[in-house]
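Structure data (compact mmCIF, C-alpha atoms) from start.txt:
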# COMPACT_ATOMS: atom_id res chain seq x y z
CA MET A 1 110.57 60.74 101.93
CA MET A 2 108.57 63.26 99.89
CA ASP A 3 106.07 63.70 102.76
CA ARG A 4 108.91 64.41 105.18
CA ILE A 5 110.32 67.12 102.94
CA SER A 6 106.88 68.66 102.42
CA ASN A 7 106.46 68.96 106.17
CA LEU A 8 109.56 71.10 106.55
CA SER A 9 109.05 74.74 107.48
CA ASP A 10 109.37 77.45 104.84
CA ASP A 11 112.48 78.82 106.53
CA LEU A 12 114.23 75.44 106.39
CA LEU A 13 113.19 74.87 102.77
CA LEU A 14 114.54 78.28 101.81
CA LYS A 15 117.84 77.48 103.49
CA ILE A 16 118.08 74.24 101.49
CA PHE A 17 117.11 75.99 98.24
CA SER A 18 119.79 78.63 98.84
CA TYR A 19 122.51 76.03 98.31
CA LEU A 20 121.11 74.81 94.96
CA PRO A 21 121.62 76.25 91.46
CA THR A 22 118.59 78.38 90.63
CA LYS A 23 117.46 76.22 87.70
CA TYR A 24 117.00 73.29 90.10
CA VAL A 25 115.19 75.46 92.61
CA VAL A 26 112.67 76.52 89.96
CA THR A 27 112.02 72.93 88.91
CA THR A 28 110.94 72.04 92.46
CA THR A 29 107.56 73.54 91.55
CA LEU A 30 106.88 70.27 89.72
CA LEU A 31 107.16 68.33 92.98
CA SER A 32 104.80 70.28 95.19
CA LYS A 33 102.09 72.92 94.68
CA ARG A 34 103.16 74.52 97.93
CA TRP A 35 106.67 75.08 96.60
CA LYS A 36 105.36 77.21 93.72
CA SER A 37 105.28 80.15 96.09
CA VAL A 38 108.14 79.09 98.38
CA TRP A 39 110.90 79.18 95.77
CA THR A 40 110.15 82.82 94.88
CA MET A 41 111.25 83.78 98.39
CA VAL A 42 114.76 82.35 97.93
CA PRO A 43 117.24 85.14 98.83
CA ARG A 44 120.08 83.81 96.64
CA PHE A 45 120.19 83.29 92.86
CA ASP A 46 122.85 81.22 91.07
CA PHE A 47 122.59 81.27 87.26
CA ASP A 48 124.79 79.11 85.02
CA ASP A 49 124.45 79.01 81.21
CA GLY A 50 126.60 75.86 80.97
CA PHE A 51 129.03 77.61 78.58
CA GLU A 52 126.30 77.65 75.96
CA LEU A 53 127.58 78.32 72.41
CA ASP A 54 124.25 78.00 70.58
CA PRO A 55 122.64 81.49 70.39
CA SER A 56 119.09 80.08 70.33
CA ARG A 57 119.68 78.04 73.47
CA TYR A 58 121.38 80.97 75.12
CA GLU A 59 118.24 83.00 74.39
CA THR A 60 116.34 80.49 76.49
CA PHE A 61 118.79 81.13 79.31
CA ILE A 62 118.23 84.89 79.02
CA ASN A 63 114.48 84.41 79.32
CA HIS A 64 114.95 82.09 82.30
CA VAL A 65 117.05 84.68 84.17
CA GLY A 66 114.64 87.51 83.43
CA ARG A 67 111.53 85.59 84.41
CA THR A 68 113.10 84.17 87.59
CA MET A 69 114.31 87.53 88.84
CA SER A 70 110.94 89.18 88.07
CA LEU A 71 109.05 86.57 90.14
CA ARG A 72 111.23 86.97 93.25
CA THR A 73 109.26 88.00 96.35
CA SER A 74 111.85 87.86 99.16
CA PRO A 75 112.37 91.22 100.90
CA VAL A 76 116.13 91.25 100.22
CA LEU A 77 118.22 89.64 97.49
CA GLU A 78 121.27 88.54 99.47
CA SER A 79 123.34 87.06 96.66
CA LEU A 80 123.41 87.07 92.86
CA ARG A 81 125.85 84.81 90.99
CA PHE A 82 126.44 84.34 87.25
CA ASP A 83 128.59 81.71 85.53
CA VAL A 84 128.41 82.59 81.83
CA GLY A 85 130.25 81.85 78.60
CA PRO A 86 131.02 83.73 75.36
CA CYS A 87 127.39 84.28 74.36
CA CYS A 88 126.86 86.62 77.29
CA SER A 89 127.10 90.29 76.31
CA THR A 90 127.68 93.45 78.29
CA GLU A 91 124.06 94.42 77.63
CA ASP A 92 122.78 91.17 79.17
CA MET A 93 124.92 91.50 82.28
CA VAL A 94 124.14 95.19 82.76
CA THR A 95 120.40 94.42 82.63
CA TRP A 96 120.69 91.64 85.24
CA ILE A 97 122.94 93.65 87.56
CA ARG A 98 120.63 96.66 87.46
CA THR A 99 117.68 94.40 88.27
CA GLY A 100 119.64 92.99 91.21
CA MET A 101 120.46 96.49 92.44
CA VAL A 102 116.80 97.45 92.36
CA GLN A 103 116.11 94.35 94.47
CA GLY A 104 118.79 95.35 96.99
CA VAL A 105 121.43 92.71 96.23
CA HIS A 106 124.28 92.56 98.78
CA GLU A 107 126.63 90.07 97.09
CA LEU A 108 127.51 89.90 93.39
CA GLU A 109 129.68 87.23 91.79
CA ILE A 110 130.42 86.96 88.05
CA PHE A 111 132.43 84.22 86.35
CA HIS A 112 132.80 84.93 82.63
CA THR A 113 134.96 82.76 80.41
CA GLU A 114 135.66 83.03 76.70
CA GLU A 115 137.92 80.02 76.27
CA HIS A 116 140.26 82.23 74.21
CA LEU A 117 137.60 83.18 71.62
CA LYS A 118 139.29 86.24 70.11
CA GLU A 119 136.16 87.63 68.50
CA HIS A 120 134.50 88.11 71.87
CA ARG A 121 135.15 91.04 74.19
CA PRO A 122 135.17 91.19 77.99
CA ILE A 123 131.87 92.22 79.49
CA LYS A 124 131.74 95.49 81.38
CA LEU A 125 129.85 96.45 84.49
CA PRO A 126 127.28 99.25 84.67
CA LYS A 127 128.67 102.57 85.91
CA SER A 128 125.96 102.69 88.57
CA LEU A 129 127.42 99.58 90.24
CA TYR A 130 130.55 101.53 91.21
CA THR A 131 128.45 103.83 93.43
CA TYR A 132 126.02 101.22 94.73
CA GLU A 133 125.96 101.71 98.49
CA LYS A 134 124.46 98.33 99.47
CA LEU A 135 127.12 96.12 97.86
CA GLU A 136 129.08 94.14 100.47
CA VAL A 137 130.74 91.42 98.36
CA LEU A 138 132.02 91.64 94.77
CA LYS A 139 133.76 88.70 93.09
CA LEU A 140 134.85 88.97 89.45
CA THR A 141 136.61 86.22 87.52
CA TYR A 142 138.22 86.16 84.06
CA SER A 143 136.83 88.04 81.06
CA ILE A 144 135.47 91.12 82.79
CA GLY A 145 136.67 94.61 81.94
CA LEU A 146 137.09 97.10 84.77
CA ASP A 147 136.46 100.68 83.67
CA VAL A 148 136.25 102.44 87.02
CA PRO A 149 134.80 105.98 87.08
CA VAL A 150 136.42 108.76 89.09
CA ASP A 151 133.44 108.98 91.44
CA VAL A 152 133.60 105.32 92.53
CA TRP A 153 132.28 104.90 96.05
CA LEU A 154 131.39 101.55 97.62
CA PRO A 155 130.96 102.39 101.31
CA SER A 156 129.71 98.92 102.33
CA LEU A 157 132.08 96.72 100.31
CA LYS A 158 134.02 94.40 102.60
CA THR A 159 135.08 91.60 100.20
CA LEU A 160 136.61 92.07 96.73
CA HIS A 161 137.95 89.32 94.46
CA LEU A 162 139.66 90.23 91.17
CA ILE A 163 140.67 87.01 89.39
CA SER A 164 142.46 87.64 86.10
CA VAL A 165 140.14 90.48 85.12
CA LYS A 166 141.06 93.08 82.51
CA TYR A 167 142.00 96.57 83.67
CA GLU A 168 140.90 99.12 81.07
CA THR A 169 143.22 101.87 82.38
CA LYS A 170 146.52 101.76 84.26
CA ASP A 171 145.13 103.36 87.42
CA CYS A 172 141.61 101.89 87.55
CA HIS A 173 142.60 99.32 90.19
CA SER A 174 143.96 101.92 92.60
CA ARG A 175 140.92 104.09 91.93
CA LEU A 176 138.64 101.15 92.74
CA LEU A 177 140.43 100.36 96.01
CA SER A 178 140.42 104.00 97.06
CA GLY A 179 136.63 103.92 96.80
CA CYS A 180 136.32 101.00 99.25
CA PRO A 181 136.88 102.59 102.68
CA VAL A 182 135.88 99.53 104.76
CA LEU A 183 137.35 96.76 102.61
CA GLU A 184 138.49 93.82 104.76
CA GLU A 185 139.30 91.07 102.22
CA LEU A 186 141.06 91.41 98.87
CA VAL A 187 141.87 88.48 96.56
CA LEU A 188 144.03 89.35 93.56
CA ASP A 189 145.11 86.88 90.87
CA LYS A 190 147.12 88.49 88.09
CA SER A 191 148.49 85.32 86.50
CA LEU A 192 146.68 85.77 83.18
CA ASN A 193 146.41 89.54 82.89
CA SER A 194 149.70 91.06 84.03
CA HIS A 195 150.19 92.56 80.58
CA SER A 196 147.25 94.90 81.19
CA LEU A 197 148.61 96.05 84.53
CA ARG A 198 151.90 97.62 85.53
CA THR A 199 152.13 98.22 89.26
CA PHE A 200 149.29 97.04 91.48
CA TYR A 201 148.99 99.11 94.64
CA VAL A 202 147.39 97.64 97.76
CA GLU A 203 147.44 100.55 100.17
CA MET A 204 144.57 100.00 102.57
CA PRO A 205 144.70 100.62 106.32
CA SER A 206 141.48 98.64 106.98
CA LEU A 207 142.45 95.47 105.08
CA GLN A 208 142.36 92.27 107.19
CA ARG A 209 142.85 89.50 104.60
CA LEU A 210 144.96 89.63 101.43
CA SER A 211 145.66 87.01 98.76
CA VAL A 212 148.03 87.81 95.88
CA VAL A 213 148.69 85.16 93.24
CA ASP A 214 150.95 85.45 90.18
CA VAL A 215 151.87 82.12 88.62
CA CYS A 216 152.66 83.48 85.16
CA GLU A 217 155.38 81.32 83.61
CA GLU A 218 157.43 84.31 82.44
CA PRO A 219 158.40 87.54 84.24
CA ASN A 220 155.90 90.34 83.74
CA TYR A 221 158.02 92.94 81.99
CA GLY A 222 156.38 96.10 80.74
CA LEU A 223 157.66 99.29 79.19
CA ASP A 224 158.77 100.47 82.60
CA GLY A 225 160.41 97.23 83.68
CA LEU A 226 159.21 94.41 85.90
CA HIS A 227 155.61 94.78 87.01
CA MET A 228 155.29 95.21 90.75
CA THR A 229 152.86 94.51 93.58
CA VAL A 230 153.10 97.21 96.23
CA ILE A 231 151.64 96.29 99.61
CA ASN A 232 150.94 98.73 102.42
CA ALA A 233 148.42 97.07 104.74
CA PRO A 234 149.49 97.53 108.38
CA SER A 235 146.29 95.97 109.82
CA LEU A 236 146.57 92.74 107.82
CA LYS A 237 145.93 89.51 109.76
CA TYR A 238 145.89 86.88 106.98
CA LEU A 239 148.24 86.79 103.99
CA ASN A 240 148.38 84.39 101.04
CA PHE A 241 151.24 85.24 98.69
CA VAL A 242 152.09 83.04 95.70
CA ASP A 243 154.61 84.59 93.33
CA TYR A 244 156.85 83.02 90.70
CA HIS A 245 158.84 86.23 90.15
CA ASP A 246 160.47 88.75 92.45
CA ASP A 247 158.05 91.65 91.95
CA LEU A 248 157.01 92.52 95.50
CA CYS A 249 157.46 95.90 97.14
CA LEU A 250 156.58 96.34 100.82
CA CYS A 251 156.06 99.88 102.09
CA GLU A 252 155.64 98.84 105.72
CA ASN A 253 155.81 95.77 107.92
CA MET A 254 152.62 93.83 108.61
CA PRO A 255 152.93 93.31 112.38
CA GLU A 256 149.34 92.07 112.84
CA VAL A 257 149.60 89.06 110.48
CA VAL A 258 148.95 85.83 112.40
CA VAL A 259 148.31 83.40 109.48
CA ALA A 260 150.40 83.35 106.30
CA ASN A 261 150.83 81.10 103.26
CA VAL A 262 153.94 81.95 101.25
CA LYS A 263 154.98 80.25 98.01
CA VAL A 264 157.76 81.91 96.05
CA VAL A 265 160.43 80.50 93.76
CA TYR A 266 162.85 83.40 93.55
CA ASN A 267 165.96 83.72 95.69
CA SER A 268 165.22 86.57 98.12
CA PRO A 269 161.99 86.17 100.07
CA GLU A 270 163.51 87.79 103.18
CA LYS A 271 161.66 91.07 102.67
CA LEU A 272 158.32 89.29 102.82
CA LEU A 273 159.04 86.95 105.74
CA GLY A 274 160.74 89.70 107.71
CA SER A 275 157.59 91.83 107.44
CA ILE A 276 155.41 89.37 109.41
CA PRO A 277 157.18 89.12 112.80
CA SER A 278 154.02 88.17 114.74
CA VAL A 279 152.89 85.30 112.53
CA LYS A 280 151.56 82.27 114.45
CA ARG A 281 150.60 79.92 111.60
CA LEU A 282 152.85 79.74 108.55
CA CYS A 283 152.90 77.62 105.40
CA LEU A 284 156.10 77.86 103.34
CA CYS A 285 157.06 76.71 99.87
CA LEU A 286 160.28 78.48 98.96
CA PRO A 287 164.00 77.91 98.38
CA ALA A 288 166.35 77.95 101.37
CA SER A 289 168.29 81.03 100.30
CA LEU A 290 167.55 83.17 103.35
CA LEU A 291 169.70 81.34 105.86
CA LEU A 292 171.83 84.39 106.60
CA SER A 293 168.82 86.44 107.68
CA CYS A 294 168.90 87.52 111.29
CA PHE A 295 165.18 87.65 112.11
CA GLY A 296 163.23 84.98 113.98
CA PHE A 297 159.65 83.78 114.34
CA TYR A 298 159.15 84.21 118.06
CA HIS A 299 155.36 83.78 117.96
CA LEU A 300 155.17 80.91 115.48
CA VAL A 301 153.36 77.82 116.82
CA HIS A 302 152.25 76.04 113.61
CA LEU A 303 154.53 75.46 110.60
CA GLU A 304 153.82 73.65 107.32
CA LEU A 305 156.82 73.19 105.05
CA CYS A 306 156.89 72.02 101.43
CA ALA A 307 159.47 69.29 100.79
CA ALA A 308 159.52 69.90 97.05
CA SER A 309 161.34 73.23 96.88
CA ARG A 310 165.07 73.68 96.40
CA GLY A 311 167.06 73.18 99.60
CA TRP A 312 163.97 72.63 101.76
CA TRP A 313 165.96 70.56 104.26
CA ASP A 314 168.20 73.54 105.06
CA LEU A 315 165.10 75.71 105.40
CA LEU A 316 163.73 73.19 107.90
CA THR A 317 166.89 73.50 110.00
CA TRP A 318 166.70 77.28 109.93
CA MET A 319 163.01 77.33 110.87
CA LEU A 320 163.57 74.98 113.82
CA GLU A 321 166.33 77.24 115.10
CA SER A 322 164.30 80.42 114.50
CA SER A 323 160.94 79.33 116.00
CA PRO A 324 161.41 78.76 119.74
CA LYS A 325 157.65 78.31 120.47
CA LEU A 326 156.82 75.94 117.62
CA LYS A 327 154.22 73.33 118.63
CA VAL A 328 153.11 71.78 115.33
CA LEU A 329 155.36 70.84 112.39
CA LYS A 330 153.98 69.42 109.15
CA ILE A 331 156.02 68.48 106.09
CA PHE A 332 154.18 68.01 102.80
CA VAL A 333 154.83 67.87 99.06
CA CYS A 334 153.36 70.66 96.97
CA ASN A 335 151.68 69.38 93.81
CA GLU A 336 151.86 72.70 92.01
CA LEU A 337 154.45 73.79 89.46
CA PRO A 338 157.27 74.67 89.52
CA CYS A 339 157.84 72.44 92.56
CA THR A 340 159.14 68.95 91.94
CA THR A 341 159.88 66.36 94.60
CA LYS A 342 163.53 66.61 95.54
CA SER A 343 165.52 64.17 97.67
CA ILE A 344 168.07 65.67 100.01
CA ARG A 345 171.37 66.27 98.25
CA GLY A 346 174.43 65.39 100.27
CA HIS A 347 173.96 65.03 104.01
CA TRP A 348 171.44 66.76 106.24
CA LYS A 349 173.51 68.56 108.85
CA GLY A 350 170.72 69.49 111.23
CA PRO A 351 170.84 72.23 113.88
CA SER A 352 174.14 72.97 115.63
CA SER A 353 172.38 72.49 118.98
CA VAL A 354 168.95 71.19 119.96
CA PRO A 355 166.44 73.95 119.21
CA GLU A 356 164.31 75.30 122.07
CA CYS A 357 161.09 74.30 120.29
CA LEU A 358 162.10 70.61 120.38
CA MET A 359 163.08 70.71 124.01
CA SER A 360 160.00 72.51 125.31
CA HIS A 361 157.08 72.90 122.90
CA LEU A 362 156.75 70.65 119.82
CA HIS A 363 153.90 68.17 120.41
CA THR A 364 152.82 67.25 116.84
CA PHE A 365 154.95 66.20 113.88
CA LYS A 366 153.45 64.98 110.60
CA TRP A 367 155.08 64.13 107.30
CA LYS A 368 152.97 63.47 104.21
CA ASN A 369 154.59 61.79 101.18
CA TYR A 370 157.66 60.76 103.17
CA ASN A 371 159.92 59.16 100.55
CA THR A 372 161.86 56.82 102.90
CA LYS A 373 165.37 57.93 101.81
CA ASP A 374 168.19 57.73 104.37
CA GLU A 375 168.53 61.50 104.81
CA GLU A 376 164.79 61.90 105.33
CA LYS A 377 165.01 59.14 107.92
CA LYS A 378 167.69 61.17 109.70
CA ILE A 379 165.25 64.07 110.05
CA VAL A 380 162.58 61.83 111.58
CA ALA A 381 165.15 60.24 113.88
CA TYR A 382 166.46 63.64 115.01
CA ILE A 383 163.02 64.96 115.88
CA LEU A 384 161.98 61.76 117.68
CA ASN A 385 165.21 61.73 119.67
CA ASN A 386 165.05 65.39 120.73
CA ALA A 387 161.39 66.45 120.94
CA ARG A 388 160.68 65.94 124.63
CA GLN A 389 157.02 67.03 124.53
CA LEU A 390 156.09 65.11 121.39
CA LYS A 391 152.70 63.38 121.58
CA ILE A 392 151.70 62.58 117.98
CA VAL A 393 153.87 61.63 115.02
CA GLY A 394 152.10 60.83 111.75
CA ILE A 395 154.13 59.55 108.80
CA SER A 396 152.51 58.89 105.42
CA GLY A 397 154.74 57.14 102.88
CA SER A 398 155.08 58.27 99.28
CA ARG A 399 152.73 56.53 96.86
CA TYR A 400 155.58 56.25 94.35
CA TYR A 401 156.64 53.09 96.16
CA SER A 402 154.76 49.81 96.32
CA LYS A 403 152.67 49.22 99.42
CA GLN A 404 154.98 46.45 100.58
CA GLU A 405 158.14 48.54 100.14
CA ARG A 406 156.49 51.54 101.75
CA LEU A 407 155.44 49.57 104.84
CA LYS A 408 158.90 48.04 105.14
CA LYS A 409 160.54 51.46 105.21
CA LEU A 410 157.97 52.91 107.59
CA ASN A 411 158.42 50.01 110.01
CA GLU A 412 162.08 50.96 110.32
CA LEU A 413 160.95 54.10 112.16
CA VAL A 414 159.27 52.12 114.95
CA SER A 415 162.56 51.18 116.61
CA LEU A 416 163.97 54.72 116.58
CA PRO A 417 164.59 56.12 120.10
CA ARG A 418 162.10 58.72 121.37
CA ALA A 419 162.70 61.48 123.89
CA SER A 420 159.01 61.55 124.82
CA ASN A 421 157.49 58.58 126.62
CA SER A 422 153.99 59.66 125.54
CA CYS A 423 154.82 59.86 121.83
CA GLN A 424 152.39 57.94 119.61
CA LEU A 425 153.67 56.93 116.17
CA LEU A 426 151.03 56.63 113.43
CA MET A 427 152.04 55.37 109.99
CA ASP A 428 150.28 54.99 106.65
Once you've parsed the file, please lay out its structure as structure tokens.
Amino acid sequence: MMDRISNLSDDLLLKIFSYLPTKYVVTTTLLSKRWKSVWTMVPRFDFDDGFELDPSRYETFINHVGRTMSLRTSPVLESLRFDVGPCCSTEDMVTWIRTGMVQGVHELEIFHTEEHLKEHRPIKLPKSLYTYEKLEVLKLTYSIGLDVPVDVWLPSLKTLHLISVKYETKDCHSRLLSGCPVLEELVLDKSLNSHSLRTFYVEMPSLQRLSVVDVCEEPNYGLDGLHMTVINAPSLKYLNFVDYHDDLCLCENMPEVVVANVKVVYNSPEKLLGSIPSVKRLCLCLPASLLLSCFGFYHLVHLELCAASRGWWDLLTWMLESSPKLKVLKIFVCNELPCTTKSIRGHWKGPSSVPECLMSHLHTFKWKNYNTKDEEKKIVAYILNNARQLKIVGISGSRYYSKQERLKKLNELVSLPRASNSCQLLMD
């Protein structure tokens, strides 16, 4: 086996090394004399201090990073990643980032965690990084302080992730975004740091992909009221929006969005859903409080619906009636709070007339964690009896029941009448 690996080309070895943590790449020099020079050409570095709390051991990590980066011989440093704990200081990180900039790094990712150690402060980035023209990807997670200068300019940055970072000033986030003229992907998680941020503005005409997550357990009230997320991204094509509180403000519709994942627990998500009229793939986890809305999903072909939110069965009815071109329907149970599995209360009424999607388009129906209750069975029976183009039905029973009880309930579905002669029923 060792001989086979040794016979691999340098290019293939470098590709393999690129997927390994850097400390393992360096140790390959013990396996082959040839690899002593090969590893220095690796275009990607991934450093992890293992959340080291011992200062003397962390000093060893510092020396390892410095020596490794100084021995690099590849023409371009494509990616530089750090996963560091509370021993890491701003001075350490600034030194490493500056070295990476000298080596032409294109992607920078920093994960810094303190584990709630109050005596430690967030690390800050060097001012020169905010005007570094070669940076294409920047991903920052947790205890990192953003102190954005007024002359910020990142003309090549296309991907930006800000995961629970600390904003040193109230307008530093908008200043940062204004300095990213070609940004295409923005990931924002403000679940742990909303107190340091009032209104977050996402006003970017070039943005293609946006993810906004706020799963803070309590509303984010500041001195000026509820903290808001303002979105103005008319070119957006992918949207992930997870919000436990009603703090969204939309300046314009997002007519280009074709894929969306929406999870909200407040009572008025109409403004968000109504802003994505061209969506083709949609995943929903929200209460069925928008039934009086008059808009439809005339381009929707793929729908995933969480069966753990309040009134989900009424939402299902509304979506079937509002999505005339729907081809794929999947029902699942969200495992995230605050969702809890809810059986249908009362009786499922179903659509007033057979929806167009069932008569002409729906070909795939899957239900994961089907709980075998009578009202849930009615939904399966209705779809089987009315979906004329149905080809595949996959039903997976809830694991809360014993295997024997689960199979017994699932077998009851076999005898249900089907409108499609080519429908295949798969059960687990």
Which residues are near Leu183 in chain A? Cut-off 9 Å, all atoms listed in the file, ignore same chain within fewer than 3 positions. Put them as an mmCIF file with C-alpha atoms, in the coordinates of the input.
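The result, stored in out.cif:
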data_model
loop_
_atom_site.group_PDB
_atom_site.id
_atom_site.type_symbol
_atom_site.label_atom_id
_atom_site.label_comp_id
_atom_site.auth_asym_id
_atom_site.auth_seq_id
_atom_site.Cartn_x
_atom_site.Cartn_y
_atom_site.Cartn_z
ATOM 1 C CA GLU A 136 129.080 94.140 100.470
ATOM 2 C CA PRO A 155 130.960 102.390 101.310
ATOM 3 C CA SER A 156 129.710 98.920 102.330
ATOM 4 C CA LEU A 157 132.080 96.720 100.310
ATOM 5 C CA LYS A 158 134.020 94.400 102.600
ATOM 6 C CA THR A 159 135.080 91.600 100.200
ATOM 7 C CA LEU A 160 136.610 92.070 96.730
ATOM 8 C CA LEU A 177 140.430 100.360 96.010
ATOM 9 C CA CYS A 180 136.320 101.000 99.250
ATOM 10 C CA LEU A 186 141.060 91.410 98.870
ATOM 11 C CA MET A 204 144.570 100.000 102.570
ATOM 12 C CA SER A 206 141.480 98.640 106.980
ATOM 13 C CA LEU A 207 142.450 95.470 105.080
ATOM 14 C CA GLN A 208 142.360 92.270 107.190
#
As a check of understanding: the span from CA of Pro86 in chain A to CA of Leu188 in chain A is 23.1 Å
Just to confirm, what's the straight-line distance from CA of Leu303 in chain A to CA of Glu376 in chain A in Å (one decimal)? 17.8 Å
What does the distance between CA of Val258 in chain A and CA of Ser360 in chain A come to in Å, to one decimal place?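 Going from CA of Val258 in chain A over to CA of Ser360 in chain A, I get 21.6 Å.
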Please work out which residues fall within 12 Å of (132.7, 87.3, 99.2), coordinates as given in the file, with all atoms listed in the file counting, and return them as a list of chain:residue names.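 These residues have at least one counted atom within 12 Å: A:Glu78, A:Ser79, A:Leu80, A:Arg81, A:His106, A:Glu107, A:Leu108, A:Glu109, A:Ile110, A:Leu135, A:Glu136, A:Val137, A:Leu138, A:Lys139, A:Leu140, A:Leu157, A:Lys158, A:Thr159, A:Leu160, A:His161, A:Leu162, A:Leu183, A:Glu184, A:Glu185, A:Leu186, A:Val187, A:Arg209.
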Quick one: axis-aligned box around all listed atoms of range 402-419 of chain A, 3 Å on every side, centre and edge lengths in Å to one decimal, written as AutoDock Vina command-line options.
--center_x 158.6 --center_y 54.0 --center_z 110.1 --size_x 17.9 --size_y 21.0 --size_z 33.6
